[in-house]
>>> print(open('entry38.csv').read())   # CSV, C-alpha atoms
chain,number,residue,atom,x,y,z
A,1,MET,CA,-36.8,260.0,215.0
A,2,ALA,CA,-38.6,259.0,211.8
A,3,SER,CA,-38.5,261.3,208.8
A,4,LYS,CA,-41.8,262.6,207.4
A,5,PRO,CA,-42.6,260.8,204.2
A,6,THR,CA,-42.3,263.0,201.1
A,7,ALA,CA,-43.4,262.4,197.6
A,8,PRO,CA,-40.5,261.7,195.1
A,9,GLY,CA,-38.9,264.9,194.1
A,10,MET,CA,-40.5,266.8,196.8
A,11,GLU,CA,-38.0,266.3,199.6
A,12,ALA,CA,-37.5,269.3,201.8
A,13,ALA,CA,-34.4,271.3,201.0
A,14,MET,CA,-31.5,270.3,203.2
A,15,LYS,CA,-30.5,272.8,205.9
A,16,VAL,CA,-26.9,272.9,207.1
A,17,ILE,CA,-25.0,275.1,209.6
A,18,ASP,CA,-21.3,275.4,209.1
A,19,PRO,CA,-20.0,276.4,212.6
A,20,HIS,CA,-16.4,277.1,211.4
A,21,ILE,CA,-15.7,278.9,208.2
A,22,HIS,CA,-13.4,281.8,207.4
A,23,MET,CA,-15.5,283.9,205.0
A,24,VAL,CA,-13.2,286.9,205.1
A,25,SER,CA,-10.9,284.8,202.9
A,26,ARG,CA,-13.6,283.7,200.4
A,27,THR,CA,-15.3,285.1,197.4
A,28,THR,CA,-18.9,286.1,196.7
A,29,ASP,CA,-19.1,283.0,194.5
A,30,ASP,CA,-18.5,280.9,197.7
A,31,TYR,CA,-21.4,282.7,199.4
A,32,LEU,CA,-23.6,281.8,196.5
A,33,ALA,CA,-22.4,278.2,196.7
A,34,LEU,CA,-23.3,278.1,200.4
A,35,ALA,CA,-26.7,279.5,199.8
A,36,TYR,CA,-27.5,277.2,196.8
A,37,GLY,CA,-26.4,274.2,198.9
A,38,GLY,CA,-28.6,275.1,201.9
A,39,ILE,CA,-26.0,276.6,204.2
A,40,HIS,CA,-27.8,279.7,205.5
A,41,THR,CA,-26.2,280.0,208.9
A,42,ILE,CA,-22.5,280.1,209.6
A,43,SER,CA,-20.1,281.1,212.3
A,44,GLU,CA,-16.6,282.5,211.7
A,45,PRO,CA,-13.9,282.2,214.3
A,46,SER,CA,-11.0,284.6,214.4
A,47,PHE,CA,-7.9,283.1,212.9
A,48,TRP,CA,-4.4,283.8,211.6
A,49,PRO,CA,-4.4,285.6,208.2
A,50,GLY,CA,-1.3,283.8,206.9
A,51,PHE,CA,1.1,286.4,208.3
A,52,ASP,CA,1.7,287.9,211.7
A,53,ARG,CA,0.0,291.3,212.3
A,54,CYS,CA,2.4,294.0,213.3
A,55,GLY,CA,0.2,295.7,215.9
A,56,VAL,CA,-3.1,295.8,217.8
A,57,ALA,CA,-4.6,298.1,215.1
A,58,GLY,CA,-4.6,295.2,212.7
A,59,PHE,CA,-6.8,293.3,215.2
A,60,HIS,CA,-9.2,296.2,215.6
A,61,ASP,CA,-9.6,296.2,211.8
A,62,TYR,CA,-10.1,292.4,211.7
A,63,PHE,CA,-12.6,292.3,214.5
A,64,HIS,CA,-14.5,295.1,212.9
A,65,GLN,CA,-14.6,293.1,209.7
A,66,LEU,CA,-15.9,290.1,211.5
A,67,THR,CA,-18.6,291.9,213.5
A,68,VAL,CA,-19.8,294.5,211.0
A,69,ILE,CA,-18.6,294.0,207.4
A,70,GLU,CA,-18.9,290.2,207.0
A,71,PRO,CA,-22.4,289.9,208.5
A,72,ALA,CA,-23.5,292.5,206.0
A,73,ARG,CA,-21.8,290.8,203.1
A,74,ALA,CA,-23.4,287.4,204.1
A,75,ALA,CA,-26.8,289.0,204.4
A,76,ARG,CA,-26.8,289.9,200.7
A,77,PHE,CA,-27.0,286.1,200.1
A,78,LYS,CA,-29.6,285.5,202.9
A,79,ILE,CA,-26.9,283.9,205.0
A,80,ARG,CA,-26.8,284.6,208.8
A,81,HIS,CA,-23.3,285.3,209.9
A,82,PHE,CA,-21.9,284.9,213.5
A,83,CYS,CA,-18.4,285.2,214.7
A,84,TRP,CA,-15.9,284.4,217.5
A,85,ILE,CA,-13.3,286.7,218.8
A,86,GLY,CA,-9.8,285.9,220.1
A,87,LEU,CA,-6.1,285.7,219.4
A,88,ASN,CA,-5.1,282.6,217.4
A,89,ALA,CA,-2.3,280.5,218.8
A,90,LYS,CA,-0.2,281.2,215.6
A,91,GLU,CA,0.3,284.8,216.9
A,92,ALA,CA,0.7,283.9,220.6
A,93,GLU,CA,4.5,283.9,220.8
A,94,ASN,CA,4.4,287.7,220.9
A,95,THR,CA,3.0,288.0,224.4
A,96,VAL,CA,3.3,291.8,224.5
A,97,LEU,CA,1.0,292.1,221.5
A,98,GLY,CA,-1.1,289.3,222.9
A,99,GLU,CA,-1.8,291.2,226.0
A,100,GLU,CA,-2.8,294.3,224.0
A,101,VAL,CA,-5.2,292.1,221.9
A,102,LEU,CA,-6.7,290.6,225.1
A,103,ALA,CA,-7.4,294.1,226.4
A,104,ILE,CA,-9.6,294.9,223.3
A,105,LEU,CA,-11.5,291.7,223.2
A,106,PRO,CA,-14.4,292.7,225.5
A,107,GLN,CA,-15.7,295.5,223.3
A,108,TYR,CA,-15.9,293.0,220.4
A,109,LEU,CA,-17.3,290.2,222.5
A,110,ASP,CA,-20.2,292.5,223.4
A,111,ARG,CA,-21.2,292.9,219.7
A,112,PRO,CA,-24.5,291.4,218.7
A,113,THR,CA,-23.3,288.6,216.4
A,114,THR,CA,-20.3,287.5,218.5
A,115,LEU,CA,-21.0,284.1,220.1
A,116,GLY,CA,-17.9,283.7,222.2
A,117,ILE,CA,-14.1,283.4,222.4
A,118,GLY,CA,-12.4,281.5,219.6
A,119,GLU,CA,-10.7,280.1,217.9
A,120,VAL,CA,-8.0,280.1,220.6
A,121,GLY,CA,-5.9,277.2,221.7
A,122,LEU,CA,-2.5,275.8,220.8
A,123,ASN,CA,-0.4,275.5,217.6
A,124,LYS,CA,3.0,274.0,218.4
A,125,ASN,CA,2.4,273.5,222.2
A,126,SER,CA,4.9,276.2,223.3
A,127,ARG,CA,5.0,277.8,226.7
A,128,ASN,CA,3.8,281.2,225.4
A,129,GLU,CA,0.9,279.6,223.5
A,130,ILE,CA,-0.2,277.9,226.8
A,131,THR,CA,0.0,281.2,228.7
A,132,MET,CA,-2.1,283.0,226.1
A,133,PHE,CA,-4.6,280.2,226.0
A,134,GLU,CA,-4.9,280.3,229.8
A,135,ARG,CA,-5.5,284.0,229.6
A,136,HIS,CA,-8.4,283.4,227.1
A,137,VAL,CA,-9.8,280.7,229.3
A,138,GLU,CA,-9.7,283.1,232.3
A,139,LEU,CA,-11.6,285.7,230.3
A,140,ALA,CA,-14.2,283.2,229.1
A,141,ALA,CA,-14.7,282.1,232.7
A,142,GLN,CA,-15.1,285.7,233.9
A,143,ARG,CA,-17.6,286.6,231.2
A,144,ASP,CA,-19.3,283.2,230.9
A,145,GLU,CA,-18.4,283.0,227.3
A,146,LEU,CA,-18.6,279.9,225.0
A,147,LEU,CA,-15.2,278.7,223.8
A,148,MET,CA,-14.2,277.4,220.4
A,149,VAL,CA,-10.8,275.8,220.7
A,150,HIS,CA,-8.2,275.2,218.0
A,151,THR,CA,-6.1,272.1,218.4
A,152,PRO,CA,-2.6,271.8,216.8
A,153,HIS,CA,-2.0,270.3,213.4
A,154,LEU,CA,-0.8,266.9,212.5
A,155,GLU,CA,1.9,265.5,214.8
A,156,ASP,CA,1.3,268.1,217.4
A,157,LYS,CA,-2.5,267.4,217.8
A,158,LEU,CA,-2.5,264.6,220.3
A,159,LYS,CA,-0.1,266.4,222.8
A,160,GLY,CA,-1.8,269.7,222.3
A,161,THR,CA,-5.3,268.3,222.8
A,162,ARG,CA,-4.3,266.8,226.1
A,163,ILE,CA,-2.7,270.0,227.3
A,164,ILE,CA,-5.8,272.0,226.3
A,165,MET,CA,-8.1,269.6,228.2
A,166,ALA,CA,-5.8,269.7,231.3
A,167,ILE,CA,-6.0,273.6,231.3
A,168,LEU,CA,-9.8,273.5,230.8
A,169,SER,CA,-10.3,270.9,233.5
A,170,ASN,CA,-8.4,273.2,236.0
A,171,GLU,CA,-11.0,275.9,235.5
A,172,PRO,CA,-14.2,274.9,237.3
A,173,ARG,CA,-16.2,277.8,236.0
A,174,ILE,CA,-16.0,276.4,232.4
A,175,ALA,CA,-18.6,273.7,231.7
A,176,PRO,CA,-17.3,271.2,229.1
A,177,SER,CA,-20.7,271.4,227.4
A,178,ARG,CA,-19.9,275.1,226.6
A,179,VAL,CA,-16.6,274.2,224.8
A,180,LEU,CA,-16.1,272.9,221.3
A,181,ILE,CA,-12.6,271.4,220.8
A,182,ASP,CA,-12.1,271.6,217.1
A,183,HIS,CA,-10.1,269.9,214.4
A,184,ALA,CA,-10.4,266.5,216.3
A,185,GLU,CA,-9.3,263.4,214.5
A,186,GLU,CA,-9.5,259.7,215.1
A,187,HIS,CA,-6.8,259.6,217.8
A,188,THR,CA,-8.3,262.5,219.8
A,189,ILE,CA,-12.0,262.1,219.6
A,190,ALA,CA,-12.5,259.5,222.3
A,191,GLU,CA,-10.6,261.6,224.9
A,192,ILE,CA,-12.4,264.8,224.0
A,193,LYS,CA,-15.8,263.2,224.1
A,194,ALA,CA,-15.1,261.4,227.4
A,195,GLY,CA,-14.3,264.9,228.9
A,196,GLY,CA,-17.8,266.0,228.0
A,197,TYR,CA,-16.7,268.5,225.4
A,198,TRP,CA,-18.2,269.0,222.0
A,199,PHE,CA,-15.7,268.1,219.2
A,200,GLY,CA,-15.4,269.4,215.7
A,201,LEU,CA,-14.3,267.5,212.7
A,202,THR,CA,-12.7,269.6,210.0
A,203,LEU,CA,-12.7,268.6,206.3
A,204,TYR,CA,-9.3,269.2,204.7
A,205,PRO,CA,-8.4,266.2,202.6
A,206,ASP,CA,-4.6,266.5,203.0
A,207,SER,CA,-4.0,267.8,206.5
A,208,LYS,CA,-7.2,266.8,208.4
A,209,GLY,CA,-10.1,264.7,207.4
A,210,SER,CA,-12.1,263.7,204.3
A,211,PRO,CA,-15.9,263.3,204.1
A,212,ALA,CA,-15.5,259.5,204.1
A,213,ARG,CA,-13.4,259.6,207.3
A,214,ALA,CA,-15.8,262.0,208.9
A,215,VAL,CA,-18.7,259.6,208.3
A,216,ASP,CA,-16.5,256.8,209.7
A,217,ALA,CA,-16.1,258.8,212.8
A,218,ILE,CA,-19.8,259.4,213.2
A,219,GLU,CA,-20.4,255.6,212.8
A,220,THR,CA,-17.6,254.8,215.3
A,221,PHE,CA,-18.1,257.5,217.9
A,222,GLY,CA,-21.8,258.2,217.6
A,223,ALA,CA,-23.8,261.3,216.7
A,224,GLU,CA,-23.6,263.1,220.0
A,225,GLN,CA,-21.4,266.2,220.8
A,226,ILE,CA,-20.1,266.3,217.2
A,227,CYS,CA,-20.1,269.3,214.8
A,228,ILE,CA,-18.6,269.0,211.3
A,229,ASN,CA,-17.1,272.1,209.6
A,230,SER,CA,-15.3,273.1,206.4
A,231,SER,CA,-13.0,275.6,208.1
A,232,ALA,CA,-12.6,277.0,204.6
A,233,ASP,CA,-10.0,279.7,204.6
A,234,TRP,CA,-7.3,281.3,202.4
A,235,SER,CA,-5.5,277.9,201.8
A,236,VAL,CA,-6.6,274.7,200.1
A,237,SER,CA,-10.1,274.1,201.5
A,238,ASP,CA,-13.7,273.7,200.4
A,239,PRO,CA,-16.6,275.8,201.7
A,240,THR,CA,-19.1,273.1,200.5
A,241,ALA,CA,-17.3,270.3,202.3
A,242,THR,CA,-20.1,269.9,204.8
A,243,LEU,CA,-22.5,269.2,201.9
A,244,LYS,CA,-20.2,266.6,200.4
A,245,THR,CA,-20.0,264.9,203.8
A,246,ALA,CA,-23.8,264.9,204.1
A,247,ASN,CA,-23.9,263.3,200.6
A,248,GLU,CA,-21.4,260.6,201.7
A,249,MET,CA,-23.8,259.8,204.6
A,250,ARG,CA,-26.6,259.6,202.1
A,251,ARG,CA,-24.6,257.3,199.8
A,252,ARG,CA,-24.0,254.9,202.6
A,253,GLY,CA,-27.8,254.8,203.4
A,254,HIS,CA,-27.9,256.8,206.6
A,255,SER,CA,-31.3,258.4,207.4
A,256,GLU,CA,-32.2,262.0,206.6
A,257,ALA,CA,-33.0,262.4,210.3
A,258,LEU,CA,-29.4,261.4,211.2
A,259,ILE,CA,-28.0,263.7,208.6
A,260,THR,CA,-30.1,266.6,209.9
A,261,LYS,CA,-28.9,265.9,213.4
A,262,ILE,CA,-25.3,266.1,212.4
A,263,PHE,CA,-25.4,269.1,210.1
A,264,PHE,CA,-28.2,271.2,211.7
A,265,ASP,CA,-29.4,270.1,215.1
A,266,ASN,CA,-26.0,269.6,216.6
A,267,PRO,CA,-24.4,272.9,215.6
A,268,ALA,CA,-27.6,274.7,216.5
A,269,GLY,CA,-27.4,273.0,219.9
A,270,PHE,CA,-23.8,274.1,220.6
A,271,LEU,CA,-24.1,277.6,219.1
A,272,GLY,CA,-27.5,278.1,220.5
A,273,GLN,CA,-26.1,278.2,224.0
A,274,SER,CA,-25.3,281.8,223.2
A,275,PRO,CA,-28.5,283.9,223.5
A,276,LYS,CA,-27.3,285.9,220.4
A,277,PHE,CA,-27.6,282.9,218.1
A,278,SER,CA,-30.6,282.2,215.9
A,279,VAL,CA,-30.9,280.2,212.7
A,280,ALA,CA,-31.8,281.7,209.3
B,1,MET,CA,-8.0,248.6,220.9
B,2,ASN,CA,-11.4,247.1,220.2
B,3,ILE,CA,-13.4,249.6,218.1
B,4,THR,CA,-17.0,249.0,217.4
B,5,SER,CA,-19.5,251.1,215.6
B,6,GLN,CA,-22.0,253.1,217.7
B,7,ILE,CA,-24.0,253.7,214.5
B,8,PRO,CA,-24.2,250.6,212.3
B,9,ILE,CA,-22.9,251.1,208.7
B,10,PRO,CA,-25.9,250.5,206.5
B,11,LEU,CA,-23.8,248.8,203.9
B,12,SER,CA,-22.5,245.2,203.6
B,13,SER,CA,-18.8,244.7,203.0
B,14,SER,CA,-19.4,243.9,199.4
B,15,GLN,CA,-21.3,247.1,199.0
B,16,ILE,CA,-18.4,249.0,200.5
B,17,LEU,CA,-16.1,247.4,198.1
B,18,ASP,CA,-18.4,248.1,195.2
B,19,MET,CA,-18.5,251.8,196.2
B,20,SER,CA,-14.9,252.4,197.1
B,21,PHE,CA,-12.5,249.8,195.8
B,22,LEU,CA,-11.4,251.7,192.8
B,23,GLU,CA,-10.6,254.9,194.6
B,24,ASN,CA,-8.6,253.0,197.2
B,25,ARG,CA,-6.8,250.9,194.6
B,26,ALA,CA,-5.7,254.2,193.0
B,27,ARG,CA,-4.5,255.5,196.4
B,28,LEU,CA,-2.4,252.4,196.9
B,29,LEU,CA,-0.8,252.8,193.5
B,30,GLU,CA,-0.1,256.5,194.3
B,31,MET,CA,1.7,255.5,197.4
B,32,ALA,CA,3.7,252.8,195.5
B,33,ALA,CA,4.6,255.4,192.9
B,34,PHE,CA,5.7,257.9,195.6
B,35,LEU,CA,8.0,255.3,197.1
B,36,ASP,CA,9.3,254.3,193.7
B,37,ARG,CA,10.0,258.0,192.9
B,38,ILE,CA,12.1,258.3,196.0
B,39,GLU,CA,13.9,255.1,195.1
B,40,ARG,CA,14.7,256.6,191.6
B,41,SER,CA,15.9,259.9,193.1
B,42,ALA,CA,19.6,260.9,193.1
B,43,ASN,CA,20.0,260.6,196.9
B,44,ALA,CA,17.5,257.8,197.6
B,45,ASP,CA,19.4,256.5,200.6
B,46,ALA,CA,19.3,259.8,202.3
B,47,GLY,CA,15.6,260.1,201.7
B,48,LYS,CA,15.0,256.8,203.2
B,49,LEU,CA,16.6,258.0,206.4
B,50,ASP,CA,14.3,261.0,206.6
B,51,PHE,CA,12.0,260.8,209.6
B,52,ARG,CA,9.0,261.3,207.3
B,53,TYR,CA,9.9,258.4,205.2
B,54,GLN,CA,10.5,256.3,208.3
B,55,ALA,CA,7.1,257.3,209.7
B,56,LEU,CA,5.4,256.4,206.5
B,57,ILE,CA,7.0,252.9,206.4
B,58,ASN,CA,6.1,252.4,210.0
B,59,GLY,CA,2.5,253.4,209.2
B,60,ILE,CA,2.4,250.9,206.3
B,61,ARG,CA,3.6,248.2,208.7
B,62,LEU,CA,0.8,249.1,211.1
B,63,LEU,CA,-1.7,249.0,208.3
B,64,LEU,CA,-0.7,245.4,207.6
B,65,ASP,CA,-0.2,244.2,211.2
B,66,ARG,CA,-3.5,245.4,212.6
B,67,SER,CA,-6.5,243.1,211.9
B,68,ASP,CA,-9.1,245.1,213.9
B,69,ALA,CA,-10.8,248.4,213.1
B,70,GLY,CA,-8.2,250.4,214.9
B,71,ARG,CA,-5.8,251.0,212.0
B,72,THR,CA,-6.5,254.7,211.5
B,73,THR,CA,-6.1,255.5,215.2
B,74,ALA,CA,-2.9,253.5,215.5
B,75,ILE,CA,-1.3,255.2,212.5
B,76,GLN,CA,-2.4,258.6,213.8
B,77,ILE,CA,-0.7,257.9,217.1
B,78,SER,CA,2.4,256.6,215.4
B,79,PHE,CA,2.7,260.0,213.6
B,80,SER,CA,2.2,261.9,216.9
B,81,ASP,CA,4.5,263.6,219.4
B,82,GLN,CA,3.7,261.6,222.5
B,83,THR,CA,5.8,263.7,224.9
B,84,THR,CA,4.0,265.9,227.4
B,85,GLU,CA,6.4,268.8,228.0
B,86,PRO,CA,5.7,272.2,226.2
B,87,ILE,CA,8.3,273.4,223.8
B,88,ALA,CA,10.3,276.5,224.7
B,89,ASP,CA,9.5,278.6,221.6
B,90,ALA,CA,7.3,278.1,218.5
B,91,ASN,CA,8.6,281.0,216.4
B,92,GLY,CA,9.0,279.9,212.8
B,93,LEU,CA,8.1,276.3,213.5
B,94,LYS,CA,5.6,274.3,211.4
B,95,ALA,CA,4.0,270.9,211.5
B,96,HIS,CA,5.4,268.2,209.2
B,97,GLY,CA,2.9,265.4,209.6
B,98,ALA,CA,5.2,263.2,211.5
B,99,TRP,CA,7.2,263.8,214.7
B,100,ASN,CA,10.9,264.2,214.2
B,101,GLY,CA,11.8,263.2,217.7
B,102,GLY,CA,12.1,266.7,219.0
B,103,GLY,CA,15.4,267.7,217.4
B,104,ASN,CA,16.2,269.9,214.4
B,105,GLU,CA,12.8,271.6,214.3
B,106,SER,CA,12.4,273.3,210.9
B,107,HIS,CA,11.8,277.0,210.7
>>> encode(input="entry38.csv", output="structure tokens")
Amino acid sequence: MASKPTAPGMEAAMKVIDPHIHMVSRTTDDYLALAYGGIHTISEPSFWPGFDRCGVAGFHDYFHQLTVIEPARAARFKIRHFCWIGLNAKEAENTVLGEEVLAILPQYLDRPTTLGIGEVGLNKNSRNEITMFERHVELAAQRDELLMVHTPHLEDKLKGTRIIMAILSNEPRIAPSRVLIDHAEEHTIAEIKAGGYWFGLTLYPDSKGSPARAVDAIETFGAEQICINSSADWSVSDPTATLKTANEMRRRGHSEALITKIFFDNPAGFLGQSPKFSVA
Amino acid sequence: MNITSQIPIPLSSSQILDMSFLENRARLLEMAAFLDRIERSANADAGKLDFRYQALINGIRLLLDRSDAGRTTAIQISFSDQTTEPIADANGLKAHGAWNGGGNESH
């Protein structure tokens, strides 16, 4: 697809969707930075707050924050905010609490800005994590929900990604095209893509990927089924990492059409499978 | 593994070097200084037996031995737990960046 010619200095403003960002942990300055950079549509999966919650009431509060408070906060900056609801694998060892959380998910999945179940998956590849992930997959299948899947960190990623894909492939009601397997890296991308799933690349310079390595992955594995995200949260992370990666593509001489596909068309394609999704 | 680009890099090798040589030179020096720092430490021999140190040295060997475009994937796999069985309990466990062989998981 050829880009429309534009006069120098009159290029259209870049539009970016960040499909994975934890804005409850970020400041209003970060919202301003997103808006200034052209990130006007975001989706925020449920995650671990850095400590284990002591009861289901904490999840009620968090899911209320994700479905009511954060969309309103984002709207002040003309940013459209969507979310995903689920129990993160970091809190899956307590299966009693996990079952209580699973029981309250439907009321939040029904809310108008909730796109699906996520981020759920594995963290250290334990038996209880697997049980809780299977319960979420069953719920997704029953409700025909999109899934955003968290893969383990670092040395646990390869094993966990394979277990996750084995669980998903055992559920015929889940179409791979309705699943994004996130935090993929060089050693897991090929298998995820071969399974027909979307894959996410997360931009953390120390523990995941850098803009340069993300662009290497685009060049190596192609531009299909890929979404790039900042996953910015309460730890070392950068809410404008997607913009920096787009700039790395530009530095290397990639076309604006390809950049738009990676940072706008692809996430819109995955998220747009939910009828609740629309771009700002 | 033969890795080819699905999307051609729009840069020549000399352009890539022009763009990124200095930052990668700096990264190499940082790694050398890191290994030197361990060498100068009070218990250097113990540090060099640590699974993370061993994993890093193994990764450096892979970096030198590979001549194709599969270095990154090979090093990622070398850091990975390649077993298939779930662990019994994840309470208090964290990722280290290299697999310790399954024993003495840190809490």
>>> atom_distance(input="entry38.csv", atom1="atom CA of A:Thr220", atom2="atom CA of A:Leu201")
13.4 Å
>>> interface_residues(input="entry38.csv", of="chain A", to="chain B", cutoff="9 Å", atoms="only C-alpha atoms", output="PyMOL selection string")
chain A and resi 90+93+123-130+152-160+162-163+185-188+207+216-223+251-254
>>> residues_around(input="entry38.csv", residues="A:Gly116", least_positions_apart="6", cutoff="10 Å", atoms="only C-alpha atoms", output="PyMOL selection string")
chain A and resi 45+82-86+108-110+140+143-148+178-179+271+274+276
>>> residues_around(input="entry38.csv", residues="stretch 28-38 of chain A", least_positions_apart="3", cutoff="6 Å", atoms="only C-alpha atoms", output="ChimeraX atom specification")
/A:14-16
>>> closest_residue(input="entry38.csv", among="A:Gly269, A:Gly200, A:Pro106, A:Pro176", to="A:Ala214", atoms="all atoms listed in the file")
A:Gly200
>>> residues_around(input="entry38.csv", residues="A:Gly121", least_positions_apart="4", cutoff="6 Å", atoms="all atoms listed in the file", output="PyMOL selection string")
chain A and resi 89+133+149-150
>>> atom_distance(input="entry38.csv", atom1="atom CA of A:Thr114", atom2="atom CA of A:Ala74")
14.7 Å
>>> residues_around(input="entry38.csv", residues="A:His22", least_positions_apart="5", cutoff="6 Å", atoms="only C-alpha atoms", output="PyMOL selection string")
chain A and resi 44+232-233
>>> write_last_selection(input="entry38.csv", atoms="C-alpha atoms", output="compact mmCIF listing (two decimals), in the frame of the given file")
# COMPACT_ATOMS: atom_id res chain seq x y z
CA GLU A 44 -16.60 282.50 211.70
CA ALA A 232 -12.60 277.00 204.60
CA ASP A 233 -10.00 279.70 204.60
>>> atom_distance(input="entry38.csv", atom1="atom CA of A:Val96", atom2="atom CA of A:Leu139")
17.1 Å
